[in-house]
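> Quick one, target08.txt (compact mmCIF, C-alpha atoms):
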# COMPACT_ATOMS: atom_id res chain seq x y z
CA MET Y 14 89.10 71.40 130.98
CA TYR Y 15 86.57 68.92 129.54
CA SER Y 16 83.66 70.23 131.61
CA THR Y 17 84.45 73.79 130.56
CA LEU Y 18 84.76 73.02 126.85
CA THR Y 19 81.55 70.99 126.74
CA LYS Y 20 79.66 74.12 127.71
CA TYR Y 21 80.63 75.64 124.37
CA PHE Y 22 81.30 72.71 122.02
CA LYS Y 23 79.56 69.46 121.14
CA ASP Y 24 81.41 66.17 121.43
CA ASP Y 25 82.11 65.81 117.72
CA ASP Y 26 83.46 69.37 117.50
CA LEU Y 27 85.77 68.70 120.44
CA PHE Y 28 87.25 65.65 118.75
CA ILE Y 29 87.73 67.52 115.51
CA MET Y 30 89.67 70.09 117.54
CA THR Y 31 91.76 67.38 119.22
CA GLY Y 32 92.45 65.82 115.85
CA VAL Y 33 93.87 69.13 114.58
CA ALA Y 34 95.78 69.59 117.80
CA LYS Y 35 97.45 66.19 117.40
CA MET Y 36 98.85 67.30 114.09
CA LEU Y 37 100.54 70.24 115.84
CA GLY Y 38 103.48 68.90 117.78
CA LYS Y 39 103.25 71.18 120.83
CA SER Y 40 99.50 70.61 121.21
CA LYS Y 41 99.59 66.78 121.30
CA PRO Y 42 99.75 66.45 125.10
CA MET Y 43 96.82 68.82 125.50
CA ALA Y 44 94.82 66.93 122.87
CA ARG Y 45 95.45 63.59 124.57
CA LYS Y 46 94.44 65.04 127.93
CA MET Y 47 91.24 66.38 126.38
CA GLU Y 48 90.41 62.89 125.02
CA ASP Y 49 91.14 61.28 128.39
CA ASP Y 50 88.98 63.84 130.14
CA TRP Y 51 86.13 63.16 127.72
CA PHE Y 52 86.37 59.43 128.32
CA GLN Y 53 86.45 59.81 132.10
CA GLY Y 54 83.66 62.38 132.15
CA ALA Y 55 81.43 60.29 129.90
CA LEU Y 56 82.02 57.16 131.97
CA GLN Y 57 81.41 58.99 135.24
CA ASN Y 58 78.15 60.32 133.84
CA HIS Y 59 77.25 56.76 132.81
CA LYS Y 60 76.82 57.82 129.21
CA THR Y 61 75.76 54.75 127.23
CA PRO Y 62 77.57 53.87 124.00
CA HIS Y 63 74.38 54.71 122.14
CA LYS Y 64 74.26 58.23 123.66
CA ALA Y 65 77.96 58.67 122.96
CA PHE Y 66 77.35 57.60 119.36
CA GLN Y 67 74.63 60.22 119.04
CA GLY Y 68 76.77 62.82 120.83
CA LEU Y 69 79.44 62.35 118.20
CA ARG Y 70 76.70 62.85 115.59
CA LEU Y 71 77.54 59.51 114.03
CA GLY Y 72 73.88 58.57 114.05
CA GLU Y 73 72.90 61.45 111.79
CA ASN Y 74 74.55 60.13 108.65
CA PHE Y 75 73.12 57.09 106.84
CA ASP Y 76 76.05 56.91 104.40
CA ALA Y 77 77.90 53.74 105.39
CA ASN Y 78 81.11 54.92 103.70
CA VAL Y 79 81.16 58.16 105.71
CA ILE Y 80 80.46 56.39 109.01
CA LEU Y 81 82.95 53.58 108.58
CA GLN Y 82 85.75 55.90 107.44
CA SER Y 83 85.19 58.52 110.13
CA ASP Y 84 87.95 58.97 112.72
CA LEU Y 85 85.20 59.48 115.27
CA VAL Y 86 84.19 55.84 114.84
CA ASP Y 87 87.59 54.79 116.19
CA VAL Y 88 87.07 57.08 119.19
CA TRP Y 89 83.61 55.66 119.77
CA ILE Y 90 84.80 52.03 119.52
CA LYS Y 91 87.41 52.76 122.20
CA TYR Y 92 84.68 54.23 124.37
CA LEU Y 93 82.45 51.21 123.78
CA GLU Y 94 85.23 48.92 124.99
CA ALA Y 95 85.86 51.14 128.03
CA PHE Y 96 82.14 51.24 128.88
CA ASN Y 97 81.78 47.45 128.67
CA LYS Y 98 84.79 47.01 130.94
CA ARG Y 99 83.46 49.57 133.46
CA PHE Y 100 79.87 48.30 133.35
CA PRO Y 101 80.04 44.58 132.43
CA HIS Y 102 76.42 43.99 133.48
CA GLU Y 103 75.35 46.53 130.84
CA LYS Y 104 77.67 45.24 128.17
CA THR Y 105 76.54 46.06 124.65
CA THR Y 106 77.84 45.65 121.11
CA MET Y 107 78.72 47.84 118.20
CA LEU Y 108 75.93 46.26 116.17
CA GLU Y 109 73.25 46.92 118.77
CA THR Y 110 74.10 50.60 118.66
CA PHE Y 111 74.12 50.62 114.87
CA MET Y 112 70.72 48.93 114.77
CA LYS Y 113 69.24 51.38 117.27
CA SER Y 114 70.54 54.27 115.21
CA PHE Y 115 69.93 53.11 111.65
CA GLY Y 116 67.64 50.07 111.59
CA ASP Y 117 68.16 46.57 110.17
CA THR Y 118 68.32 47.38 106.47
CA GLU Y 119 70.83 50.22 106.80
CA VAL Y 120 73.01 48.08 109.05
CA ARG Y 121 73.02 45.38 106.36
CA LYS Y 122 74.31 47.99 103.91
CA MET Y 123 76.94 49.00 106.44
CA ILE Y 124 78.15 45.41 106.88
CA GLU Y 125 78.30 44.95 103.12
CA THR Y 126 80.29 48.18 102.78
CA ALA Y 127 82.62 47.10 105.59
CA GLU Y 128 83.42 43.92 103.68
CA LYS Y 129 84.08 45.82 100.45
CA GLN Y 130 86.01 48.73 101.95
CA GLY Y 131 88.64 46.66 103.70
CA TRP Y 132 87.45 46.56 107.30
CA PRO Y 133 88.99 43.52 108.97
CA ARG Y 134 87.08 40.57 107.53
CA ASN Y 135 86.57 38.99 110.94
CA LEU Y 136 84.97 42.22 112.18
CA ALA Y 137 82.49 42.31 109.27
CA ALA Y 138 81.70 38.63 109.86
CA GLU Y 139 81.27 39.31 113.58
CA LEU Y 140 78.81 42.11 112.82
CA GLU Y 141 76.76 39.82 110.58
CA SER Y 142 76.81 36.97 113.09
CA THR Y 143 75.69 39.33 115.85
CA GLN Y 144 72.85 40.63 113.70
CA LEU Y 145 71.57 37.11 113.09
CA LYS Y 146 71.65 36.41 116.84
CA LEU Y 147 69.80 39.65 117.58
CA TRP Y 148 67.09 38.73 115.07
CA LEU Y 149 66.71 35.31 116.65
CA GLY Y 150 66.64 36.82 120.12
CA SER Y 151 63.95 39.28 119.10
CA GLU Y 152 61.77 36.44 117.71
CA LYS Y 153 61.97 37.62 114.10
CA THR Y 154 60.49 34.98 111.79
CA ILE Y 155 61.95 33.99 108.44
CA ASP Y 156 59.09 35.89 106.83
CA ASN Y 157 59.96 38.99 108.90
CA VAL Y 158 63.60 38.94 107.83
CA PHE Y 159 62.64 38.15 104.23
CA LYS Y 160 60.60 41.36 104.11
CA LEU Y 161 62.98 43.34 106.30
CA LEU Y 162 65.74 42.75 103.74
CA GLN Y 163 63.22 43.64 101.00
CA LEU Y 164 63.69 40.27 99.33
CA ASN Y 165 59.94 40.01 98.80
CA LYS Y 166 60.41 42.41 95.88
CA ASN Y 167 62.79 39.96 94.21
CA ALA Y 168 61.50 36.57 95.36
CA VAL Y 169 60.32 35.47 91.93
CA SER Y 170 63.48 36.63 90.17
CA SER Y 171 65.31 33.89 88.30
CA ARG Y 172 68.49 35.55 89.54
CA VAL Y 173 67.39 35.90 93.14
CA ARG Y 174 70.79 34.67 94.29
CA ASP Y 175 72.25 37.91 92.93
CA VAL Y 176 69.89 40.02 95.05
CA PRO Y 177 71.71 41.88 97.86
CA TYR Y 178 71.41 40.23 101.28
CA PHE Y 179 70.04 36.94 99.94
CA ASN Y 180 73.03 35.12 101.44
CA THR Y 181 72.26 36.75 104.79
CA TRP Y 182 68.69 35.53 104.61
CA VAL Y 183 69.81 32.00 103.70
CA SER Y 184 72.10 32.02 106.74
CA TYR Y 185 69.21 33.16 108.90
CA ILE Y 186 67.03 30.29 107.65
CA ASP Y 187 69.71 27.83 108.70
CA ASN Y 188 70.08 29.44 112.15
CA TYR Y 189 66.31 29.71 112.59
CA ILE Y 190 65.63 26.06 111.73
CA LYS Y 191 68.36 24.91 114.11
CA ALA Y 192 67.00 27.09 116.91
CA LYS Y 193 63.31 26.41 116.25
CA PRO Y 194 62.90 23.09 114.39
CA GLU Y 195 59.24 22.96 115.39
CA GLU Y 196 58.56 26.06 113.30
CA LYS Y 197 59.27 24.34 109.97
CA LEU Y 198 55.65 23.59 109.22
CA ARG Y 199 54.31 27.01 110.12
CA PHE Y 200 55.67 28.85 107.11
CA LYS Y 201 53.15 30.01 104.56
CA ASP Y 202 53.20 27.62 101.62
CA GLY Y 203 53.64 30.33 99.03
CA LEU Y 204 56.66 31.87 100.71
CA LEU Y 205 58.06 28.50 101.74
CA ASN Y 206 58.02 27.19 98.19
CA THR Y 207 59.78 30.30 96.94
CA ILE Y 208 62.35 29.78 99.69
CA LEU Y 209 62.93 26.13 98.89
CA ASN Y 210 63.12 26.49 95.13
CA LYS Y 211 65.75 29.21 95.48
CA VAL Y 212 67.69 27.94 98.48
CA LYS Y 213 68.18 24.48 96.95
CA ASN Y 214 70.61 26.12 94.49
CA TYR Y 215 73.01 26.54 97.40
CA PRO Y 216 74.80 23.20 97.94
CA SER Y 217 75.24 23.95 101.65
CA MET Y 218 71.50 24.52 102.06
CA GLU Y 219 70.08 21.81 99.79
CA SER Y 220 69.78 19.21 102.55
CA THR Y 221 68.05 21.72 104.83
CA ALA Y 222 65.63 22.72 102.08
CA THR Y 223 64.86 19.11 101.21
CA SER Y 224 64.34 18.27 104.89
CA ILE Y 225 61.87 21.12 105.27
CA GLN Y 226 59.99 20.04 102.17
CA MET Y 227 59.75 16.45 103.36
CA ASP Y 228 58.26 17.66 106.64
CA VAL Y 229 55.74 19.79 104.80
CA MET Y 230 54.86 16.88 102.53
CA ALA Y 231 54.16 14.83 105.64
CA LYS Y 232 51.62 17.48 106.58
CA TYR Y 233 49.99 17.18 103.15
CA LEU Y 234 49.89 13.39 103.47
CA ALA Y 235 48.13 13.74 106.80
CA ASN Y 236 45.53 15.87 105.01
CA ASN Y 237 45.41 13.39 102.09
CA GLU Y 238 46.25 16.17 99.64
CA SER Y 239 46.23 15.21 95.96
CA PRO Y 240 49.74 14.72 94.47
CA ARG Y 241 48.62 16.80 91.50
CA VAL Y 242 47.89 19.71 93.84
CA VAL Y 243 51.15 19.24 95.75
CA PHE Y 244 53.03 19.27 92.44
CA GLN Y 245 51.64 22.75 91.78
CA ILE Y 246 52.01 23.97 95.37
CA PHE Y 247 55.72 23.24 95.29
CA GLY Y 248 56.16 24.94 91.93
CA LEU Y 249 57.59 21.89 90.22
CA GLU Y 250 56.18 23.10 86.92
CA ARG Y 251 58.76 25.91 87.12
CA GLU Y 252 61.72 23.53 87.38
CA GLY Y 253 62.23 23.64 83.62
CA ASN Y 254 64.06 20.88 81.80
CA ASN Y 255 66.07 20.10 84.96
CA ILE Y 256 63.02 18.73 86.75
CA LEU Y 257 63.95 15.03 86.56
CA GLY Y 258 67.18 15.75 88.42
CA SER Y 259 65.54 17.88 91.08
CA PRO Y 260 65.62 16.42 94.61
CA PHE Y 261 62.20 18.01 95.10
CA PHE Y 262 60.79 16.02 92.18
CA GLN Y 263 62.21 12.84 93.70
CA SER Y 264 60.56 13.75 97.02
CA TRP Y 265 57.29 14.33 95.20
CA MET Y 266 57.54 10.93 93.50
CA ARG Y 267 57.87 9.30 96.93
CA TYR Y 268 54.89 11.34 98.10
CA LEU Y 269 52.79 10.08 95.18
CA GLU Y 270 53.82 6.48 95.83
CA ILE Y 271 52.73 6.70 99.48
CA PHE Y 272 49.51 8.49 98.52
CA ASN Y 273 48.57 5.77 96.02
CA LYS Y 274 49.19 3.02 98.57
CA ARG Y 275 46.92 4.78 101.04
CA ASN Y 276 44.27 5.53 98.43
CA PRO Y 277 43.87 2.46 96.19
CA THR Y 278 40.61 3.82 94.75
CA GLN Y 279 42.05 7.29 94.04
CA GLN Y 280 45.23 6.37 92.19
CA GLU Y 281 47.06 9.25 90.52
CA SER Y 282 49.61 9.11 87.72
CA TRP Y 283 52.99 10.78 88.11
CA PHE Y 284 53.12 11.09 84.34
CA ASN Y 285 49.92 13.12 84.10
CA SER Y 286 51.33 15.86 86.31
CA LEU Y 287 54.62 15.75 84.47
CA HIS Y 288 53.52 15.89 80.86
CA MET Y 289 50.92 18.60 81.53
CA ASN Y 290 53.64 21.00 82.64
CA ARG Y 291 56.70 20.05 80.61
CA GLU Y 292 57.93 19.34 77.11
CA PHE Y 293 59.97 16.44 75.77
CA GLY Y 294 63.15 18.50 76.28
CA MET Y 295 63.34 17.46 79.93
CA ILE Y 296 64.02 13.88 78.78
CA GLU Y 297 66.92 14.99 76.61
CA LYS Y 298 68.34 16.97 79.53
CA ALA Y 299 68.02 14.03 81.90
CA MET Y 300 69.71 11.71 79.39
CA GLU Y 301 72.88 13.81 79.76
CA ASN Y 302 73.24 12.93 83.44
CA PRO Y 303 74.07 9.31 84.39
CA SER Y 304 72.16 9.72 87.65
CA THR Y 305 68.92 10.55 85.83
CA VAL Y 306 69.18 8.38 82.70
CA GLN Y 307 66.94 5.63 84.09
CA MET Y 308 64.26 8.12 85.06
CA ALA Y 309 64.54 9.73 81.62
CA LYS Y 310 63.98 6.36 79.93
CA ARG Y 311 61.01 5.69 82.17
CA VAL Y 312 59.43 9.03 81.30
CA GLU Y 313 60.20 8.58 77.61
CA LYS Y 314 58.49 5.18 77.53
CA GLU Y 315 55.40 6.61 79.21
CA TRP Y 316 55.41 9.59 76.89
CA PHE Y 317 55.36 7.47 73.73
CA SER Y 318 52.65 5.26 75.21
CA PHE Y 319 50.60 8.33 76.00
CA TRP Y 320 50.96 9.61 72.43
CA LEU Y 321 49.87 6.23 71.08
CA ASN Y 322 46.87 6.11 73.37
CA ILE Y 323 45.66 9.52 72.24
CA LYS Y 324 46.34 8.55 68.62
CA LYS Y 325 48.89 11.27 68.03
CA LEU Y 326 49.93 11.20 64.37
CA PRO Y 327 53.57 10.36 63.60
CA LYS Y 328 54.05 13.68 61.80
CA GLU Y 329 52.92 15.50 64.97
CA VAL Y 330 55.31 13.44 67.08
CA PHE Y 331 58.07 14.36 64.62
CA ARG Y 332 57.48 18.01 65.50
CA SER Y 333 57.21 17.30 69.23
CA LEU Y 334 60.67 15.74 69.06
CA HIS Y 335 61.93 18.92 67.37
CA LEU Y 336 63.18 16.91 64.42
CA ASN Y 337 61.59 19.45 62.09
CA GLN Y 338 63.96 22.19 63.29
CA VAL Y 339 67.20 20.73 61.94
CA ASP Y 340 69.21 21.96 58.96
CA GLU Y 341 69.40 19.72 55.90
CA LYS Y 342 73.19 19.75 56.25
CA VAL Y 343 72.83 18.01 59.62
CA ASN Y 344 72.49 14.23 59.54
CA THR Y 345 69.02 13.94 61.04
CA LEU Y 346 68.96 10.21 60.44
CA ALA Y 347 71.83 9.81 62.92
CA ASP Y 348 69.86 11.52 65.69
CA PRO Y 349 68.73 8.93 68.30
CA LYS Y 350 65.36 10.67 68.32
CA PHE Y 351 64.88 9.83 64.64
CA GLU Y 352 65.18 6.12 65.36
CA LYS Y 353 62.70 6.48 68.23
CA TRP Y 354 60.35 8.30 65.89
CA THR Y 355 60.48 5.54 63.25
CA THR Y 356 59.80 2.98 66.00
CA TYR Y 357 56.79 5.03 67.06
CA LEU Y 358 55.62 5.22 63.43
CA ASP Y 359 55.82 1.43 63.05
CA THR Y 360 53.92 0.90 66.33
CA PHE Y 361 51.31 3.47 65.29
CA ASN Y 362 50.78 1.74 61.94
CA GLY Y 363 50.36 -1.60 63.70
CA ARG Y 364 47.79 -0.25 66.15
CA TYR Y 365 45.90 1.94 63.67
CA PRO Y 366 46.08 0.11 60.28
CA ASP Y 367 43.43 2.38 58.76
CA GLU Y 368 45.68 5.41 59.26
CA GLN Y 369 49.01 4.00 58.21
CA THR Y 370 51.68 6.42 57.10
CA THR Y 371 55.29 6.24 55.93
CA VAL Y 372 58.62 7.72 56.95
CA ILE Y 373 58.69 9.66 53.67
CA ASP Y 374 55.26 11.14 54.38
CA GLY Y 375 56.44 12.23 57.82
CA LEU Y 376 59.56 13.88 56.39
CA LEU Y 377 57.69 15.61 53.56
CA ALA Y 378 55.31 17.13 56.11
CA TYR Y 379 58.17 19.48 57.05
CA PHE Y 380 60.70 19.38 54.21
CA ASN Y 381 60.07 19.90 50.50
CA ASP Y 382 61.53 17.45 47.97
CA ARG Y 383 64.70 19.47 47.38
CA LYS Y 384 65.51 19.87 51.09
CA LEU Y 385 64.68 16.23 51.75
CA LEU Y 386 67.00 15.18 48.95
CA GLN Y 387 69.83 17.23 50.45
CA MET Y 388 69.11 15.73 53.88
CA LEU Y 389 69.29 12.20 52.48
CA GLN Y 390 72.51 13.04 50.65
CA THR Y 391 74.07 14.16 53.94
CA ALA Y 392 72.98 10.89 55.56
CA GLU Y 393 74.32 8.86 52.63
CA ASN Y 394 77.78 10.33 53.19
CA ASP Y 395 77.78 8.84 56.71
CA ALA Y 396 78.64 5.13 56.80
CA ASN Y 397 76.35 4.65 59.80
CA THR Y 398 73.27 5.88 57.94
CA LYS Y 399 74.19 5.16 54.30
CA THR Y 400 71.94 2.10 53.97
CA LEU Y 401 68.96 3.85 55.55
CA ALA Y 402 69.49 6.92 53.36
CA THR Y 403 69.61 4.82 50.19
CA ASN Y 404 66.44 2.99 51.21
CA LEU Y 405 64.62 6.29 51.81
CA GLN Y 406 65.82 7.62 48.46
CA ASN Y 407 64.21 4.58 46.83
CA LYS Y 408 61.01 5.20 48.81
CA LEU Y 409 61.00 8.81 47.61
CA ILE Y 410 61.38 7.67 44.01
CA ASP Y 411 58.51 5.22 44.49
CA LYS Y 412 56.37 8.11 45.71
CA TRP Y 413 57.19 10.17 42.62
CA VAL Y 414 56.29 7.19 40.45
CA ALA Y 415 52.99 6.69 42.26
CA GLU Y 416 52.17 10.37 41.79
CA GLY Y 417 53.28 10.35 38.15
CA VAL Y 418 55.56 13.37 38.52
CA ASN Y 419 56.79 14.78 35.20
CA PRO Y 420 60.63 14.43 34.92
CA GLU Y 421 60.98 17.98 33.61
CA LYS Y 422 58.84 19.30 36.46
CA LEU Y 423 60.90 17.25 38.90
CA GLN Y 424 64.07 18.81 37.52
CA GLN Y 425 62.71 22.25 38.38
CA ILE Y 426 61.65 21.12 41.86
CA LEU Y 427 65.07 19.64 42.67
CA SER Y 428 67.08 22.48 41.15
CA GLY Y 429 70.14 23.20 43.26
CA ALA Y 430 70.17 19.89 45.13
CA GLN Y 431 73.57 18.17 45.01
CA SER Y 432 72.30 14.73 43.97
CA SER Y 433 69.35 15.91 41.86
CA LYS Y 434 70.83 14.70 38.57
CA GLU Y 435 71.47 11.20 39.91
CA MET Y 436 68.02 10.96 41.51
CA ILE Y 437 66.24 12.13 38.36
CA GLY Y 438 68.26 9.56 36.39
CA ARG Y 439 67.16 6.80 38.75
CA TYR Y 440 63.58 8.05 38.56
CA THR Y 441 63.42 8.11 34.75
CA LYS Y 442 65.05 4.67 34.61
CA LYS Y 443 62.39 3.26 36.91
CA LEU Y 444 59.64 4.94 34.90
CA ALA Y 445 61.03 3.37 31.72
CA SER Y 446 61.18 -0.10 33.26
CA ILE Y 447 57.54 0.22 34.35
CA ASN Y 448 56.41 1.44 30.94
CA THR Y 449 58.15 -1.44 29.12
CA SER Y 450 56.88 -4.13 31.43
The structure given in the file should be rewritten as structure tokens.

Amino acid sequence: MYSTLTKYFKDDDLFIMTGVAKMLGKSKPMARKMEDDWFQGALQNHKTPHKAFQGLRLGENFDANVILQSDLVDVWIKYLEAFNKRFPHEKTTMLETFMKSFGDTEVRKMIETAEKQGWPRNLAAELESTQLKLWLGSEKTIDNVFKLLQLNKNAVSSRVRDVPYFNTWVSYIDNYIKAKPEEKLRFKDGLLNTILNKVKNYPSMESTATSIQMDVMAKYLANNESPRVVFQIFGLEREGNNILGSPFFQSWMRYLEIFNKRNPTQQESWFNSLHMNREFGMIEKAMENPSTVQMAKRVEKEWFSFWLNIKKLPKEVFRSLHLNQVDEKVNTLADPKFEKWTTYLDTFNGRYPDEQTTVIDGLLAYFNDRKLLQMLQTAENDANTKTLATNLQNKLIDKWVAEGVNPEKLQQILSGAQSSKEMIGRYTKKLASINTS
């Protein structure tokens, strides 16, 4: 019967007919016989699973949903199993047929769809595992797979982990490194650094990424590459405020230490590379993590020394510490950075006596008298900063006296400030005491 019907119908049409026949009670035996005949005929003709797949026209549709939900897929899987049993030396897999028919990228979509559409999870995982093995067996490099999965279009994305198939690529890296450890150093630096800076966000891959980077750094040491250049090569300037906690930064610090020992006449400063690419915010971020507090303090000390050496004015440092961006209702005087700033100001005045400045001058560079008065009032209400606030209020009054500010004019300037009446009273009282002395 099978040989006769195949003269007039294609394989997929035959199985559509048998499917209808199965729904009709009296035709079920005939339908089953037709299926059995097809299986036996195909096996006798040594029809490969790939040819059977094409004969069922399953290879003509690139829609993963259609393929995976087709009844013909179940028929084909049964045939695949029968073929492998009959011809064990020619054993093949479902994935190999899929890849021959659709290519790597489409198969990745199919596996993803299989996971979402409820195919047995172990089957979807088996398909993915088989694909990784096939890539390794066909000598595909990490670069090949990176481009094959079209990740090169998203490599610089800050959300690259959300890119489809990135997890697959990460898994391939792990498999590739285990299979070919000698290949670590052959990756192109540009691609490698993109890989490492993204992969390190996966806890399971961080040690692998760090290991690769250490090996590559060994290559740079052999070439006596400048730490400043290596800093840029590895994209550490893109680490953001998290840089001090980055394992890659710690690796780079070790690299610099070794480089300096080997090159006593070409010493390089870790701080120079750091401050050229980052802002003070990285110190604040590192202070939040107990594991990076010591490094944060070390960087902070160097940073203030650097500012002193270049004669950076206290009012400019005030801005660099972002102290100028606070609201007057916030107790700025309680901010640890404010105390560090006043320490810097005192040190600056001691080193550069001809350019001495005061805390009041630094504050007035960013806040007018009314806002400053409100800021000091907020600080006065806090027991921890009350004494300092009162002292600064006195300094502000002294400044008004030195400038000979008219009390009526001062009243207009301070209009709306909560403690303006009290401050003007203190000011006029001091003026009177000076005039009578």
> Just how far from CA of Thr106 in chain Y is CA of Gln163 in chain Y, in Å to one decimal?
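CA of Thr106 in chain Y lies at a distance of 24.9 Å from CA of Gln163 in chain Y.
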> What is the CA of Asn237 in chain Y to CA of Gln280 in chain Y distance in Å?
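Spanning CA of Asn237 in chain Y to CA of Gln280 in chain Y is a straight-line distance of 12.1 Å.
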> Kindly indicate which residue among Y:Lys193, Y:Lys325, Y:Lys350, Y:Lys298 lies nearest to Tyr365 in chain Y, using all atoms listed in the file for the distances.
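Checking each of Y:Lys193, Y:Lys325, Y:Lys350, Y:Lys298 against Tyr365 in chain Y, counting all atoms listed in the file, the winner is Y:Lys325.
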> When you draw a straight line from CA of Asp117 in chain Y to CA of Thr61 in chain Y, how long is it in Å?
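For CA of Asp117 in chain Y relative to CA of Thr61 in chain Y, the distance reads 20.4 Å.
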> Considering only C-alpha atoms, state which residue in the set Y:Leu69, Y:Leu346, Y:Met436, Y:Leu147 is at the smallest distance from Val88 in chain Y.
Y:Leu69
> Give me the residues within 9 Å of Val372 in chain Y as number ranges by chain, counting all atoms listed in the file and dropping any in the same chain fewer than 4 places off.
Y: 327-328, 355, 358, 376-377, 405, 408
> Here is a test: counting all atoms listed in the file, which residue of Y:Arg332, Y:Lys104, Y:Lys422, Y:Arg383 is nearest to Gln406 in chain Y?
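Selected residue with least distance to Gln406 in chain Y: Y:Arg383.
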> Kindly indicate which residue among Y:Asp382, Y:Gly417, Y:Ile246, Y:Phe361 lies nearest to Ile323 in chain Y, using only C-alpha atoms for the distances.
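Closest to Ile323 in chain Y of all the choices is Y:Phe361.
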> Near Ala402 in chain Y, within 9 Å and counting all atoms listed in the file, which residues show up once chain neighbours fewer than 5 positions away are dropped, as a list in words?
Leu346, Met388, Leu389, Gln390, Thr391, Ala392, Glu393, Asn394 and Asn407 of chain Y
> Please write the residues from the selection above to a file, keeping C-alpha atoms, as a PDB file, in the frame of the given file.

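Resulting contents of selection-v4.pdb:
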ATOM      1  CA  LEU Y 346      68.960  10.210  60.440  1.00  0.00           C
ATOM      2  CA  MET Y 388      69.110  15.730  53.880  1.00  0.00           C
ATOM      3  CA  LEU Y 389      69.290  12.200  52.480  1.00  0.00           C
ATOM      4  CA  GLN Y 390      72.510  13.040  50.650  1.00  0.00           C
ATOM      5  CA  THR Y 391      74.070  14.160  53.940  1.00  0.00           C
ATOM      6  CA  ALA Y 392      72.980  10.890  55.560  1.00  0.00           C
ATOM      7  CA  GLU Y 393      74.320   8.860  52.630  1.00  0.00           C
ATOM      8  CA  ASN Y 394      77.780  10.330  53.190  1.00  0.00           C
ATOM      9  CA  ASN Y 407      64.210   4.580  46.830  1.00  0.00           C
TER      10      ASN Y 407
END
